[in-house]
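Undergrad: mmCIF, C-alpha atoms, saved as model-v4.cif, coming up:
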```
data_coords
loop_
_atom_site.label_atom_id
_atom_site.label_comp_id
_atom_site.auth_asym_id
_atom_site.auth_seq_id
_atom_site.Cartn_x
_atom_site.Cartn_y
_atom_site.Cartn_z
CA MET B 1 60.30 180.86 34.37
CA HIS B 2 58.15 183.89 35.21
CA ARG B 3 55.81 184.27 32.29
CA GLN B 4 52.32 185.47 31.43
CA VAL B 5 49.70 183.11 30.02
CA LEU B 6 47.58 184.83 27.41
CA VAL B 7 43.90 183.94 27.03
CA LEU B 8 42.86 184.98 23.52
CA GLY B 9 39.48 183.43 22.80
CA LEU B 10 39.27 181.60 19.50
CA LEU B 11 42.65 182.89 18.40
CA GLY B 12 44.20 181.65 21.62
CA LEU B 13 42.49 178.30 21.13
CA ALA B 14 44.03 177.89 17.71
CA CYS B 15 47.46 178.76 19.05
CA GLN B 16 47.10 176.46 22.02
CA LEU B 17 46.12 173.49 19.92
CA ASP B 18 49.03 173.97 17.57
CA ASP B 19 51.97 175.59 19.25
CA GLY B 20 51.15 176.71 22.81
CA PHE B 21 50.81 180.39 23.63
CA GLU B 22 52.95 181.31 26.57
CA THR B 23 55.03 184.42 26.14
CA THR B 24 57.72 185.96 28.27
CA ILE B 25 57.13 189.40 29.79
CA ALA B 26 59.35 191.69 31.77
CA SER B 27 58.53 191.96 35.47
CA ASP B 28 59.37 194.45 38.17
CA PHE B 29 60.95 193.17 41.35
CA ASP B 30 60.87 194.93 44.68
CA THR B 31 63.96 195.57 46.70
CA THR B 32 64.34 196.10 50.41
CA SER B 33 66.92 197.69 52.63
CA SER B 34 68.66 194.35 53.02
CA MET B 35 69.24 193.98 49.29
CA THR B 36 72.61 194.94 47.88
CA THR B 37 73.17 195.62 44.19
CA THR B 38 76.49 194.49 42.77
CA THR B 39 77.95 194.51 39.27
CA THR B 40 75.48 193.50 36.55
CA TRP B 41 76.89 190.66 34.50
CA GLY B 42 74.29 190.83 31.73
CA THR B 43 73.48 188.03 29.35
CA THR B 44 76.96 187.55 27.88
CA TRP B 45 79.27 185.29 29.85
CA ASP B 46 82.93 186.21 30.02
CA THR B 47 84.62 182.86 29.54
CA THR B 48 87.98 184.32 30.50
CA THR B 49 86.80 185.02 34.04
CA THR B 50 87.13 182.47 36.83
CA TRP B 51 83.60 182.44 38.22
CA GLY B 52 83.59 179.49 40.54
CA THR B 53 85.56 179.17 43.73
CA THR B 54 84.44 175.73 44.83
CA THR B 55 85.44 172.48 43.18
CA PRO B 56 82.74 169.78 43.05
CA THR B 57 82.68 167.48 46.02
CA THR B 58 80.28 164.90 47.34
CA GLY B 59 79.76 165.29 51.06
CA VAL B 60 77.79 163.36 53.65
CA GLY B 61 75.19 164.96 55.85
CA THR B 62 71.95 164.39 57.70
CA SER B 63 68.69 166.26 57.69
CA THR B 64 67.45 168.07 60.76
CA SER B 65 63.79 167.81 59.79
CA THR B 66 61.15 165.76 61.54
CA GLY B 67 58.50 163.37 60.34
CA THR B 68 55.32 164.49 58.59
CA THR B 69 52.07 162.80 57.75
CA SER B 70 50.38 163.18 54.39
CA SER B 71 46.66 163.26 53.83
CA THR B 72 46.86 159.59 52.99
CA GLY B 73 48.09 158.83 56.48
CA THR B 74 51.57 157.80 55.40
CA THR B 75 54.40 159.00 57.62
CA SER B 76 57.93 159.72 56.48
CA ASP B 77 60.90 160.51 58.68
CA PRO B 78 63.38 162.75 56.90
CA SER B 79 65.40 162.94 60.12
CA THR B 80 66.78 159.54 59.24
CA GLY B 81 67.97 160.89 55.90
CA THR B 82 66.21 160.83 52.53
CA THR B 83 67.16 157.75 50.57
CA ASP B 84 67.57 156.82 46.96
CA ALA B 85 65.13 153.94 46.65
CA THR B 86 67.29 152.26 44.00
CA THR B 87 70.33 152.02 46.28
CA GLY B 88 69.04 152.65 49.80
CA GLU B 89 71.69 155.35 50.23
CA GLN B 90 71.07 158.79 51.69
CA VAL B 91 71.14 161.69 49.27
CA PRO B 92 74.04 163.75 50.61
CA PRO B 93 74.79 167.41 50.03
CA GLY B 94 77.26 167.98 47.23
CA SER B 95 77.72 168.39 43.51
CA THR B 96 76.30 165.04 42.38
CA ILE B 97 73.07 163.08 42.89
CA PRO B 98 72.85 159.28 43.27
CA VAL B 99 71.16 157.42 40.43
CA GLY B 100 71.41 153.65 40.41
CA ASP B 101 74.89 152.64 41.49
CA GLY B 102 76.57 155.94 40.63
CA ASP B 103 76.61 159.65 41.41
CA TYR B 104 75.96 162.09 38.59
CA PHE B 105 75.65 165.67 37.45
CA LEU B 106 72.11 165.82 36.05
CA LEU B 107 72.54 167.29 32.58
CA GLY B 108 69.29 167.93 30.76
CA ALA B 109 66.87 170.58 29.57
CA ASN B 110 63.36 171.82 29.99
CA TYR B 111 61.17 170.22 27.37
CA PRO B 112 58.87 171.79 28.86
CA TRP B 113 55.77 171.12 26.79
CA LEU B 114 54.49 170.73 23.27
CA ASN B 115 51.21 172.47 24.21
CA TYR B 116 51.16 174.22 27.58
CA GLY B 117 48.71 172.42 29.84
CA GLY B 118 47.52 170.06 27.12
CA ASP B 119 50.19 167.37 26.92
CA PHE B 120 48.52 165.21 29.59
CA GLY B 121 44.76 164.77 29.37
CA ALA B 122 42.03 166.49 27.40
CA ASN B 123 39.49 169.29 27.77
CA ASN B 124 36.74 171.10 25.86
CA TRP B 125 39.32 172.33 23.38
CA GLY B 126 40.01 168.78 22.30
CA THR B 127 42.34 165.83 22.77
CA TYR B 128 45.89 166.73 21.79
CA GLY B 129 48.05 165.07 24.43
CA VAL B 130 51.23 163.05 24.08
CA HIS B 131 49.46 159.96 22.76
CA THR B 132 48.32 161.98 19.70
CA LYS B 133 51.74 163.56 19.06
CA GLN B 134 54.25 160.70 19.36
CA ALA B 135 56.15 161.50 16.17
CA GLU B 136 56.53 165.22 16.87
CA ILE B 137 57.52 164.74 20.51
CA GLY B 138 59.74 161.82 19.58
CA ALA B 139 61.67 164.08 17.21
CA HIS B 140 62.26 166.56 20.04
CA PHE B 141 63.57 163.78 22.26
CA ASP B 142 65.77 162.55 19.42
CA ALA B 143 67.37 165.99 19.41
CA MET B 144 67.88 165.87 23.17
CA GLN B 145 69.52 162.47 22.91
CA GLU B 146 71.80 163.71 20.10
CA ASP B 147 72.82 166.69 22.24
CA GLY B 148 73.81 164.45 25.14
CA LEU B 149 70.93 165.54 27.38
CA ARG B 150 69.81 162.86 29.83
CA VAL B 151 67.05 164.62 31.79
CA ALA B 152 63.87 166.33 30.56
CA ARG B 153 61.74 168.55 32.80
CA TRP B 154 58.14 168.33 31.54
CA PHE B 155 55.06 170.22 32.82
CA VAL B 156 51.92 168.15 33.50
CA PHE B 157 48.78 169.85 34.93
CA THR B 158 50.09 173.46 34.78
CA ASP B 159 47.15 175.81 35.54
CA GLY B 160 44.50 173.08 35.74
CA ARG B 161 43.13 173.50 32.24
CA ALA B 162 43.28 169.76 31.45
CA GLY B 163 43.92 166.39 33.03
CA ILE B 164 41.95 166.77 36.28
CA SER B 165 38.24 166.31 37.01
CA PHE B 166 36.58 168.74 39.44
CA ALA B 167 33.26 168.75 41.26
CA GLY B 168 30.98 171.76 40.94
CA ASP B 169 32.49 173.36 44.04
CA GLY B 170 36.03 173.01 42.70
CA THR B 171 36.98 169.89 44.65
CA PRO B 172 39.34 167.67 42.62
CA THR B 173 37.71 164.28 42.02
CA GLY B 174 40.25 162.37 39.95
CA LEU B 175 42.46 162.14 36.91
CA GLY B 176 40.93 163.20 33.64
CA GLU B 177 40.60 161.08 30.55
CA HIS B 178 43.85 160.15 28.73
CA VAL B 179 46.23 161.32 31.49
CA LEU B 180 47.64 157.88 32.21
CA THR B 181 47.82 157.04 28.50
CA ASP B 182 49.68 160.27 27.80
CA MET B 183 52.12 159.68 30.66
CA GLN B 184 52.70 156.11 29.43
CA GLU B 185 53.52 157.47 25.98
CA ALA B 186 55.81 160.14 27.48
CA VAL B 187 57.68 157.47 29.43
CA ALA B 188 57.96 155.26 26.36
CA ILE B 189 59.35 158.11 24.25
CA ALA B 190 61.87 159.04 26.94
CA ARG B 191 62.95 155.47 27.73
CA ALA B 192 63.56 154.66 24.07
CA ARG B 193 66.10 157.48 23.98
CA GLY B 194 67.67 156.98 27.41
CA VAL B 195 66.22 160.23 28.77
CA TYR B 196 65.00 160.48 32.37
CA LEU B 197 61.91 162.55 33.17
CA VAL B 198 61.11 165.11 35.85
CA PRO B 199 57.33 165.66 35.57
CA VAL B 200 56.28 169.03 37.03
CA LEU B 201 52.87 168.50 38.64
CA LEU B 202 51.66 172.13 38.83
CA ASP B 203 52.69 175.58 37.64
CA PHE B 204 52.25 178.77 39.67
CA HIS B 205 49.47 179.76 37.26
CA TRP B 206 47.38 177.18 39.12
CA MET B 207 46.82 179.99 41.66
CA PHE B 208 46.01 182.73 39.14
CA TRP B 209 42.53 184.22 39.05
CA SER B 210 40.09 182.06 37.10
CA GLN B 211 39.47 182.75 33.43
CA GLN B 212 37.00 181.00 31.15
CA ASN B 213 37.81 180.40 27.51
CA ASN B 214 35.60 178.33 25.23
CA GLY B 215 34.40 176.09 28.01
CA VAL B 216 37.80 175.68 29.69
CA GLN B 217 38.82 177.18 33.03
CA THR B 218 42.43 178.26 33.40
CA GLY B 219 43.73 179.03 36.87
CA GLY B 220 41.31 179.74 39.68
CA ARG B 221 42.47 176.81 41.80
CA SER B 222 43.85 178.56 44.89
CA ASP B 223 41.05 177.05 46.95
CA THR B 224 42.52 173.58 46.41
CA LEU B 225 45.51 174.70 48.47
CA LYS B 226 43.72 176.91 51.01
CA ASP B 227 40.87 174.51 51.86
CA PRO B 228 42.18 171.44 53.77
CA ALA B 229 39.47 169.15 52.36
CA LYS B 230 40.11 170.20 48.77
CA ARG B 231 43.86 170.01 49.36
CA ALA B 232 43.53 166.44 50.60
CA ALA B 233 41.36 165.58 47.59
CA LEU B 234 43.96 167.01 45.20
CA VAL B 235 46.64 164.82 46.72
CA ASP B 236 44.61 161.67 47.29
CA ALA B 237 42.34 161.65 44.22
CA VAL B 238 44.72 163.10 41.63
CA ILE B 239 48.37 163.00 42.57
CA VAL B 240 48.53 159.67 44.43
CA PRO B 241 46.85 157.67 41.60
CA LEU B 242 49.32 159.16 39.11
CA LEU B 243 52.26 158.33 41.35
CA GLN B 244 51.01 154.79 41.93
CA ALA B 245 50.57 154.18 38.21
CA PHE B 246 54.29 154.88 37.73
CA ALA B 247 55.52 153.79 41.14
CA ASP B 248 58.65 151.97 40.05
CA GLU B 249 59.19 153.49 36.62
CA PRO B 250 62.96 153.96 36.27
CA ALA B 251 62.55 156.66 33.62
CA ILE B 252 60.92 159.00 36.15
CA LEU B 253 63.86 160.40 38.04
CA ALA B 254 61.92 162.86 40.19
CA TRP B 255 58.51 164.44 40.62
CA GLU B 256 58.39 168.21 40.96
CA ILE B 257 55.71 169.67 43.21
CA MET B 258 55.30 173.03 41.47
CA ASN B 259 57.13 175.37 39.15
CA GLU B 260 58.10 178.68 40.79
CA PRO B 261 55.41 178.84 43.50
CA GLU B 262 56.93 182.05 44.87
CA TRP B 263 55.07 184.10 42.23
CA SER B 264 51.74 183.00 43.75
CA ILE B 265 52.44 183.08 47.51
CA SER B 266 51.27 186.12 49.44
CA ASP B 267 53.47 186.22 52.52
CA LEU B 268 56.96 185.05 51.67
CA PRO B 269 59.82 187.07 53.05
CA ALA B 270 60.30 189.77 50.39
CA ALA B 271 57.09 188.55 48.74
CA SER B 272 56.60 189.53 45.10
CA PRO B 273 53.41 187.79 43.94
CA ASP B 274 52.43 188.23 40.32
CA GLY B 275 49.67 190.75 39.73
CA GLY B 276 47.54 188.04 38.15
CA ALA B 277 47.72 185.71 41.13
CA ASP B 278 45.11 184.92 43.75
CA ALA B 279 48.08 184.40 46.01
CA VAL B 280 47.92 181.79 48.78
CA PRO B 281 49.45 181.88 52.28
CA LEU B 282 52.81 180.20 52.66
CA ALA B 283 51.44 177.89 55.37
CA ASP B 284 48.82 176.51 52.96
CA PHE B 285 51.35 175.96 50.21
CA TYR B 286 53.71 174.29 52.68
CA ALA B 287 50.94 171.92 53.83
CA PHE B 288 50.29 170.93 50.21
CA ALA B 289 53.98 170.56 49.35
CA ALA B 290 54.67 168.43 52.42
CA ALA B 291 51.74 166.15 51.56
CA VAL B 292 53.01 165.72 47.99
CA THR B 293 56.52 164.96 49.22
CA ASP B 294 55.16 162.31 51.57
CA ALA B 295 53.06 160.85 48.76
CA VAL B 296 56.04 160.61 46.41
CA HIS B 297 58.16 158.91 49.05
CA ALA B 298 55.36 156.55 50.10
CA ASN B 299 54.26 155.52 46.62
CA THR B 300 57.29 155.67 44.33
CA SER B 301 61.01 155.05 44.08
CA ALA B 302 61.56 158.53 42.60
CA TYR B 303 62.97 161.71 44.08
CA VAL B 304 60.92 164.81 44.81
CA THR B 305 61.94 168.43 44.21
CA LEU B 306 60.47 171.92 43.90
CA GLY B 307 61.26 174.46 41.17
CA SER B 308 62.17 177.57 43.16
CA ALA B 309 62.12 180.78 41.14
CA SER B 310 65.45 182.14 42.40
CA LEU B 311 68.23 181.81 44.93
CA LYS B 312 66.55 184.91 46.34
CA TRP B 313 64.22 182.54 48.22
CA TYR B 314 66.29 179.38 48.54
CA ARG B 315 66.14 179.41 52.36
CA VAL B 316 62.32 179.26 52.36
CA TRP B 317 62.39 175.57 51.38
CA THR B 318 64.95 174.38 53.93
CA PRO B 319 64.30 172.43 57.15
CA GLU B 320 65.71 175.32 59.18
CA PHE B 321 63.20 177.80 57.75
CA ALA B 322 60.33 175.36 58.30
CA ALA B 323 61.30 174.76 61.92
CA ALA B 324 61.66 178.48 62.62
CA HIS B 325 58.17 179.17 61.26
CA GLY B 326 56.30 176.16 62.64
CA LEU B 327 55.86 174.61 59.20
CA PRO B 328 56.02 170.91 58.29
CA PRO B 329 59.46 170.06 56.82
CA LEU B 330 59.27 169.32 53.12
CA GLY B 331 61.91 166.58 52.96
CA LEU B 332 62.97 167.44 49.40
CA ASP B 333 65.53 165.06 47.94
CA PHE B 334 67.31 167.82 46.06
CA TYR B 335 66.78 171.54 45.76
CA GLN B 336 66.26 173.41 42.53
CA THR B 337 66.81 177.06 41.65
CA HIS B 338 66.14 179.05 38.49
CA TYR B 339 68.33 181.75 37.02
CA TYR B 340 67.60 184.59 34.57
CA PRO B 341 69.48 187.82 33.84
CA TRP B 342 67.29 189.95 36.13
CA MET B 343 69.09 188.26 39.03
CA ASP B 344 72.55 189.42 37.96
CA GLY B 345 74.15 191.81 40.40
CA GLN B 346 71.51 191.36 43.11
CA MET B 347 71.96 189.85 46.54
CA TRP B 348 70.75 189.78 50.13
CA THR B 349 73.26 190.87 52.74
CA GLY B 350 72.44 189.64 56.22
CA ASP B 351 68.68 189.55 55.72
CA PRO B 352 67.15 188.17 58.94
CA GLU B 353 65.03 185.63 57.01
CA LEU B 354 66.93 185.11 53.77
CA GLY B 355 70.53 185.50 54.89
CA THR B 356 73.37 186.49 52.58
CA VAL B 357 73.15 185.18 49.04
CA GLN B 358 73.91 186.25 45.50
CA PHE B 359 70.83 185.65 43.37
CA SER B 360 72.92 184.35 40.46
CA PRO B 361 74.38 180.82 40.67
CA THR B 362 77.10 181.99 38.29
CA VAL B 363 78.44 183.96 41.26
CA GLN B 364 77.00 182.20 44.31
CA THR B 365 78.73 178.93 45.20
CA TYR B 366 76.68 175.99 46.37
CA ALA B 367 79.04 175.31 49.27
CA ASP B 368 78.34 178.71 50.82
CA LEU B 369 74.58 178.05 50.87
CA GLY B 370 75.02 175.48 53.63
CA LEU B 371 72.33 173.17 52.26
CA ASP B 372 71.55 169.64 53.44
CA ARG B 373 70.87 168.38 49.90
CA PRO B 374 72.30 168.99 46.42
CA MET B 375 70.91 171.78 44.24
CA VAL B 376 70.17 171.71 40.50
CA VAL B 377 69.91 174.85 38.37
CA GLY B 378 66.56 173.90 36.87
CA GLU B 379 66.13 176.84 34.47
CA PHE B 380 68.59 179.20 32.80
CA ILE B 381 69.36 180.46 29.31
CA ALA B 382 71.91 178.58 27.21
CA SER B 383 71.22 179.88 23.73
CA ASP B 384 74.96 180.25 23.19
CA GLN B 385 78.22 179.41 24.98
CA ALA B 386 76.53 176.44 26.61
CA ALA B 387 79.79 174.68 27.45
CA ALA B 388 81.20 177.77 29.20
CA ARG B 389 77.96 178.26 31.14
CA LEU B 390 77.96 174.65 32.26
CA ASP B 391 81.60 174.92 33.31
CA VAL B 392 80.64 177.77 35.64
CA LEU B 393 77.74 175.93 37.25
CA LEU B 394 79.78 172.77 37.73
CA ALA B 395 82.71 174.70 39.19
CA ASN B 396 80.34 176.46 41.59
CA GLY B 397 79.22 173.11 42.95
CA TYR B 398 75.72 172.64 41.53
CA ALA B 399 74.51 169.12 40.85
CA GLY B 400 72.75 169.58 37.54
CA ALA B 401 71.68 172.05 34.87
CA TRP B 402 68.51 172.16 32.76
CA PRO B 403 68.41 175.11 30.36
CA TRP B 404 65.19 176.66 29.11
CA SER B 405 64.31 175.17 26.65
CA VAL B 406 63.75 172.70 23.85
CA THR B 407 60.44 174.12 22.64
CA SER B 408 59.67 177.45 24.35
CA ASP B 409 61.00 181.02 24.53
CA TYR B 410 64.75 180.55 24.11
CA SER B 411 66.80 178.49 21.69
CA LEU B 412 69.22 175.87 22.97
CA ASP B 413 72.90 175.66 22.03
CA GLY B 414 72.71 171.96 21.28
CA ALA B 415 76.20 171.75 19.84
CA GLY B 416 77.66 173.34 22.94
CA MET B 417 75.65 171.05 25.20
CA LYS B 418 76.87 167.99 23.32
CA MET B 419 80.49 169.13 23.40
CA TRP B 420 80.26 169.55 27.16
CA ALA B 421 78.42 166.24 27.63
CA ASP B 422 81.06 164.40 25.63
CA ALA B 423 83.83 165.99 27.68
CA HIS B 424 82.13 164.94 30.94
CA ALA B 425 80.73 161.60 29.82
CA ALA B 426 81.37 159.76 33.09
CA LEU B 427 79.82 162.55 35.15
CA VAL B 428 76.60 162.93 33.12
CA GLY B 429 76.19 159.40 31.73
CA LEU B 430 73.18 158.23 33.74
CA PRO B 431 72.51 154.46 33.80
CA PRO B 432 70.84 153.13 30.63
CA LEU B 433 67.06 152.74 30.78
#
```
Represent the structure contained in this file as structure tokens.
TA:
Amino acid sequence: MHRQVLVLGLLGLACQLDDGFETTIASDFDTTSSMTTTTTWGTTWDTTTTWGTTTPTTGVGTSTSTGTTSSTGTTSDPSTGTTDATTGEQVPPGSTIPVGDGDYFLLGANYPWLNYGGDFGANNWGTYGVHTKQAEIGAHFDAMQEDGLRVARWFVFTDGRAGISFAGDGTPTGLGEHVLTDMQEAVAIARARGVYLVPVLLDFHWMFWSQQNNGVQTGGRSDTLKDPAKRAALVDAVIVPLLQAFADEPAILAWEIMNEPEWSISDLPAASPDGGADAVPLADFYAFAAAVTDAVHANTSAYVTLGSASLKWYRVWTPEFAAAHGLPPLGLDFYQTHYYPWMDGQMWTGDPELGTVQFSPTVQTYADLGLDRPMVVGEFIASDQAAARLDVLLANGYAGAWPWSVTSDYSLDGAGMKMWADAHAALVGLPPL
């Protein structure tokens, strides 16, 4: 979700410690000559309309990417096909994702935090991570379980305000105090309720300009992606130890590299970096993302994904785009796109870099994207008519849906989610934990 983090001094501190203080703002989006505007659907879904044209199928395919080497020296070879470590089977393109011995539609929601940036670790504002909030977080996960949701997307280090130790020059030196304890508590809460986790390592605010607030730095970490030595330290000293600590944890379904990095990258095709970002070059972000992907595959049995802001940029994360631009292939196990009403009625038509695509997955079918892996709609609004919205995404061939959210910005139509989950029990009923 594209949002603005407010830094409000002592008032902001009080809000952060209690409830989090992220708010949604409207944003302007540039258009180019290759963009076509079609009918605006708005926020109300017409359940009498047949949106999807593709029925869910599970295909078989192979990746065209080549091997990469992470900063740890571990080499992966996506050209042989990414595998599900629990079954040894390749993750094929299609409308389901292998988990255990079955193939499933990943039905869940964004948790996405109790306190933005403070759920894992501590800082000068205090210690208020998961291990101090078991009852409150447990109640939220009880509600998810009751609503039939089996996956929770949960932000970890966000903008760098907590959970990571840095040297004076900004080089990451290791995990901060309480991070592993907080993640252990998060896993325990989720496992007890049969909910799988997708921890989101970083948010795009990681690359915002630095701000200081009561002894805590938020943002200002673009150098950890631009500088090869600092980038290697971030992966080797911070991310790898976290992965290794939960290497074979069945409750962690996937690790997400970053939430919506497009808002903090300077030179994407049709780039639209946020005004608050110290935007980084795509090549530097790609080098970081490839290293994280390799680290996940080398150190865990989990999947790896990336939370792309919109179908507007879906091609940027594919092996074909990487090869055409001399970038290391990412080897993602499944793709992820986000959807909000600003995307309705917008599309690319024959763009030389971004192709032809409707920005809304309620219109764009997965099959016509030509992807080598499944795609999950990782953020969208389901405050009402959740069952009808899920019907559309399933019919259009997507492999999962995680509305925004349990605790932030938009309410969740829990009754509608449960009705849909009950009606598709075999498709969404992930193996017990």
Undergrad: Rounded to one decimal place, report the CA of Trp402 (chain B)-CA of His424 (chain B) distance in Å.
TA: 15.5 Å
Undergrad: Output the residue selection produced by the PyMOL selection byres ((chain B and resi 403) around 6) on the file above, formatted as a list in words.
TA: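 Matching residues under the PyMOL selection byres ((chain B and resi 403) around 6) are Ala109, Glu379, Phe380, Ile381, Ala382, Trp402, Trp404 and Ser405 of chain B.
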Undergrad: Keeping only C-alpha atoms, write those residues as a PDB file, in the frame of the given file.
TA:
```
ATOM      1  CA  ALA B 109      66.870 170.580  29.570  1.00  0.00           C
ATOM      2  CA  GLU B 379      66.130 176.840  34.470  1.00  0.00           C
ATOM      3  CA  PHE B 380      68.590 179.200  32.800  1.00  0.00           C
ATOM      4  CA  ILE B 381      69.360 180.460  29.310  1.00  0.00           C
ATOM      5  CA  ALA B 382      71.910 178.580  27.210  1.00  0.00           C
ATOM      6  CA  TRP B 402      68.510 172.160  32.760  1.00  0.00           C
ATOM      7  CA  TRP B 404      65.190 176.660  29.110  1.00  0.00           C
ATOM      8  CA  SER B 405      64.310 175.170  26.650  1.00  0.00           C
TER       9      SER B 405
END
```
Undergrad: Find the residues near region 181-196 of chain B: any atom within 8 Å, counting all atoms listed in the file, skip ones fewer than 6 places away on the same chain, and give them as a PDB file with C-alpha atoms, in the coordinates of the input.
TA:
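Result saved to around_37.pdb:
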```pdb
ATOM      1  CA  ASP B 119      50.190 167.370  26.920  1.00  0.00           C
ATOM      2  CA  PHE B 120      48.520 165.210  29.590  1.00  0.00           C
ATOM      3  CA  GLY B 121      44.760 164.770  29.370  1.00  0.00           C
ATOM      4  CA  GLY B 129      48.050 165.070  24.430  1.00  0.00           C
ATOM      5  CA  VAL B 130      51.230 163.050  24.080  1.00  0.00           C
ATOM      6  CA  HIS B 131      49.460 159.960  22.760  1.00  0.00           C
ATOM      7  CA  GLN B 134      54.250 160.700  19.360  1.00  0.00           C
ATOM      8  CA  ILE B 137      57.520 164.740  20.510  1.00  0.00           C
ATOM      9  CA  GLY B 138      59.740 161.820  19.580  1.00  0.00           C
ATOM     10  CA  PHE B 141      63.570 163.780  22.260  1.00  0.00           C
ATOM     11  CA  ASP B 142      65.770 162.550  19.420  1.00  0.00           C
ATOM     12  CA  GLN B 145      69.520 162.470  22.910  1.00  0.00           C
ATOM     13  CA  LEU B 149      70.930 165.540  27.380  1.00  0.00           C
ATOM     14  CA  ARG B 150      69.810 162.860  29.830  1.00  0.00           C
ATOM     15  CA  VAL B 151      67.050 164.620  31.790  1.00  0.00           C
ATOM     16  CA  ALA B 152      63.870 166.330  30.560  1.00  0.00           C
ATOM     17  CA  PRO B 250      62.960 153.960  36.270  1.00  0.00           C
ATOM     18  CA  ALA B 251      62.550 156.660  33.620  1.00  0.00           C
ATOM     19  CA  ILE B 252      60.920 159.000  36.150  1.00  0.00           C
ATOM     20  CA  LEU B 253      63.860 160.400  38.040  1.00  0.00           C
ATOM     21  CA  PRO B 432      70.840 153.130  30.630  1.00  0.00           C
ATOM     22  CA  LEU B 433      67.060 152.740  30.780  1.00  0.00           C
TER      23      LEU B 433
END
```
Undergrad: What lies within 6 Å of region 264-277 of chain B using only C-alpha atoms, ignoring chain neighbours under 6 positions off, as JSON, numbers by chain?
TA: {"B": [204, 207, 208, 209]}
Undergrad: Would you write out those residues with C-alpha atoms, as a JSON list (two decimals), keeping the file's coordinate frame?
TA:
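Listed below is the output, again39.json:
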```json
[["chain", "number", "residue", "atom", "x", "y", "z"],
["B", 204, "PHE", "CA", 52.25, 178.77, 39.67],
["B", 207, "MET", "CA", 46.82, 179.99, 41.66],
["B", 208, "PHE", "CA", 46.01, 182.73, 39.14],
["B", 209, "TRP", "CA", 42.53, 184.22, 39.05]]
```
Undergrad: Just to confirm, what's the straight-line distance from CA of Ala395 (chain B) to CA of Trp313 (chain B) in Å (one decimal)?
TA: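 Separation of CA of Ala395 (chain B) and CA of Trp313 (chain B): 22.0 Å.
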Undergrad: What's around region 305-312 of chain B at 10 Å? Count only C-alpha atoms, leave out sequence neighbours fewer than 4 positions away in its own chain, and write the answer as a CSV table (one decimal) with C-alpha atoms, in the frame of the given file.
TA:
```
chain,number,residue,atom,x,y,z
B,1,MET,CA,60.3,180.9,34.4
B,2,HIS,CA,58.2,183.9,35.2
B,35,MET,CA,69.2,194.0,49.3
B,198,VAL,CA,61.1,165.1,35.8
B,200,VAL,CA,56.3,169.0,37.0
B,201,LEU,CA,52.9,168.5,38.6
B,203,ASP,CA,52.7,175.6,37.6
B,254,ALA,CA,61.9,162.9,40.2
B,255,TRP,CA,58.5,164.4,40.6
B,256,GLU,CA,58.4,168.2,41.0
B,257,ILE,CA,55.7,169.7,43.2
B,258,MET,CA,55.3,173.0,41.5
B,259,ASN,CA,57.1,175.4,39.2
B,260,GLU,CA,58.1,178.7,40.8
B,261,PRO,CA,55.4,178.8,43.5
B,262,GLU,CA,56.9,182.0,44.9
B,263,TRP,CA,55.1,184.1,42.2
B,269,PRO,CA,59.8,187.1,53.0
B,270,ALA,CA,60.3,189.8,50.4
B,289,ALA,CA,54.0,170.6,49.4
B,293,THR,CA,56.5,165.0,49.2
B,316,VAL,CA,62.3,179.3,52.4
B,317,TRP,CA,62.4,175.6,51.4
B,330,LEU,CA,59.3,169.3,53.1
B,331,GLY,CA,61.9,166.6,53.0
B,332,LEU,CA,63.0,167.4,49.4
B,333,ASP,CA,65.5,165.1,47.9
B,334,PHE,CA,67.3,167.8,46.1
B,335,TYR,CA,66.8,171.5,45.8
B,336,GLN,CA,66.3,173.4,42.5
B,337,THR,CA,66.8,177.1,41.6
B,338,HIS,CA,66.1,179.0,38.5
B,339,TYR,CA,68.3,181.8,37.0
B,340,TYR,CA,67.6,184.6,34.6
B,343,MET,CA,69.1,188.3,39.0
B,346,GLN,CA,71.5,191.4,43.1
B,347,MET,CA,72.0,189.8,46.5
B,348,TRP,CA,70.8,189.8,50.1
B,354,LEU,CA,66.9,185.1,53.8
B,355,GLY,CA,70.5,185.5,54.9
B,356,THR,CA,73.4,186.5,52.6
B,357,VAL,CA,73.2,185.2,49.0
B,358,GLN,CA,73.9,186.2,45.5
B,359,PHE,CA,70.8,185.6,43.4
B,360,SER,CA,72.9,184.4,40.5
B,361,PRO,CA,74.4,180.8,40.7
B,364,GLN,CA,77.0,182.2,44.3
B,369,LEU,CA,74.6,178.0,50.9
B,375,MET,CA,70.9,171.8,44.2
B,376,VAL,CA,70.2,171.7,40.5
B,377,VAL,CA,69.9,174.8,38.4
B,378,GLY,CA,66.6,173.9,36.9
B,379,GLU,CA,66.1,176.8,34.5
```
